[in-house]
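Scroll down for the structure; my scribbles are underneath it.
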Amino acid sequence: MSKPQNQNKNQKPQTAITPTRDENFPEWYQQVVRAADMAENSETRGCMVIKPWGYGMWELIQRQLDVYFKETGHKNAYFPLLIPVSYLEKEAEHAEGFATECAVVTHHRLEAEKQEDGSVKMRPAGKLTEPYVIRPTSETIIGAAFARWVQSYRDLPLLIYQWANVMRWEMRPRLFLRTAEFLWQEGHTAHETPEEAMTETRLMHDVYEKFLRDHLAIPAIPGEKTEAERFPGALNTFTVEAMVQDRKAIQAGTSHFLGQNFSKASGIVFQGRDNTDEHAWTTSWGVSTRLIGTLLMAHADDDGAVVPPRVAPTQVVILPVIPKDEHREAVMAACEKLASDLKAESFHGDALRVEIDSRDIQGGAKSWEWIKKGAPVRIEIGPRDLEKGSVAVARRDKAPRDKEFIDTAEAVSSMADRLQKIQDGLLARALAFRKEHTVEIKSMDKFREYFTPQDADKPEIHGGFALAHWAGTAVDEEALQKEMKVTIRCVPSDEALRGDAGTCIYTGQPAEGRVVFAKSY
RNA sequence: CGGGCUGUAGCGCAGUUUGGUAGCGCACUUCGUUCGGGUCGAAGGGGUCGCAGGUUCAAAUCCUGUCAGCCCGACCA
């Protein structure tokens, strides 16, 4: 009966994804997205089609973040996709920052033109007197609305956010990480005082950090951006920086203290308590579908996606094992029963998301599909289980063939706990990984050594986060980036990471504390 | 936007140098076989070779243009 493994004509690779992370990380990432059936490139340049498994994650992210936004007093609204070009001209730094990546709408009509061969060509007609840009972000158009809405200090604060698509004509799109069109949430608030606005900025920064940690199992480092990395037009930018498995950093969410830059540009003026006209203090903050790319790069392995249970569209997939047709009815009935029992259980306030995969395809192939999608738990039920009253439970955070045979009732009652263990395990693993690849560096020699790949032609995964003292300028930062592609990811908020005062590794000047350096996405 | 590579069936590719109107693997359909498992066998379906021009009796193959994708830069969530 037993035959040697991998003796088939079409030998399967040892891993479901080729290449592996070590072999070629960027290519591995793309293969994971595809194997998990989450998204694909579309006909439209730089834009992706998000498929149900990927969009399902986004829906959960939306729903769960929405709770936090509402809890912190914000209200959802919606503003136009098209922004008059003149709006962008109001804030110089902002305009400059986004000018090179704006899609511009110049016409409002098409005219059909019959060709000689009978086909039809559509030509733009009806030129607009003032072109529109498709929003790359909405500070300006929301600012214009705020200007209308605010008269008195009694109208403040305004706490608004919207779920929307935005467009930035990126030169190098990558599924989820950087696409020309992406989905996001953008918060925009206006306040009476700078202190209040700063409190708001930090509050949302904190919300993002907790969301990444508790929902996406990503331990991000919260901190402030340096001037060089700041949002165009902002006074302060706060970021949550995550480390992914090639040890690079990715900015997963930002919140900006905009001072009065945008209120001056948009004319958000209110009459203050002392009867004088004042400009409001504004903030903006956002996370995007990039979160999904981040979570893949943080958790996926060489067998495909690994989705944290809290954002898994299907948390438990039931795989019927039907050796002979005569077993079908009994097995399917058991699956239905199991599914409904599981759905009666709850995880973080929601019914468990359970799916029976009853497709008539090879069991092995089916099981591997769910491994590649990263469903947290797979349950098999076959005739033998029916006799014994047990089921076979497999976890995505364990080896593909690692199955546990558990009494059915117990499998159900312990499922929420099992999902939480997976969720916690992913976070612990990601945190351990980040710690393992975070070093403290005290000299430029060591710094260069850390960030220089062994093989320059085909750079291997190297480096990580470096904590080092810094007192340099934006110009110094740029020099570092030119030399090694390393940037300051943030000035960490965490005192332990920030450390004590010391000597800047670059300028030798006294530095207040350490900053986080890394290569980044 | 600069430099390099690529575009042939849903996916991955061969064929292009030396023009003669398409082939392989996987996937898909049907039948059988196997069965806690990404089985094996047989028979099938599917492509105006990225697009547009040009050269030629003849173009996937040569020429020009263009679009898209990937990798490396610059830019960015």
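Within each chain, counting starts at residue 1; across the structure tokens, chains are named A, B, ... in the order shown, with ligands numbered 1 upward in that order.
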Would you kindly report the residues of chain B within 8 Å of chain A, using only C-alpha atoms (C1' of nucleotides), as a list in words? C35, G36, G37, G38, A68, C75, C76 and A77 of chain B
Residues within 12 Å of Asp424 (chain A), only C-alpha atoms (C1' of nucleotides), excluding chain neighbours under 4 positions, as a list in words: Arg213, Asp214, His215, Leu216, Ala217, Ile218, Pro219, Pro308, Pro309, Arg310, Asp397, Asp417, Arg418, Leu419, Gln420, Ala428, Arg429, Ala430 and Leu431 of chain A
Can you tell me, as a ChimeraX atom specification, what residues are no more than 6 Å from region 145-152 of chain A when counting only C-alpha atoms (C1' of nucleotides), ignoring any on the same chain fewer than 5 positions away? /A:267-268,270-271
Find the residues near region 186-198 of chain A: any atom within 7 Å, counting only C-alpha atoms (C1' of nucleotides), skip ones fewer than 4 places away on the same chain, and give them as a PyMOL selection string. chain A and resi 153+156-163+202+257+259+280-286
What separation in Å, quoted to one decimal, exists between C1' of C24 (chain B) and C1' of G47 (chain B)?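 Rounded to one decimal, the two atoms are 14.0 Å apart.
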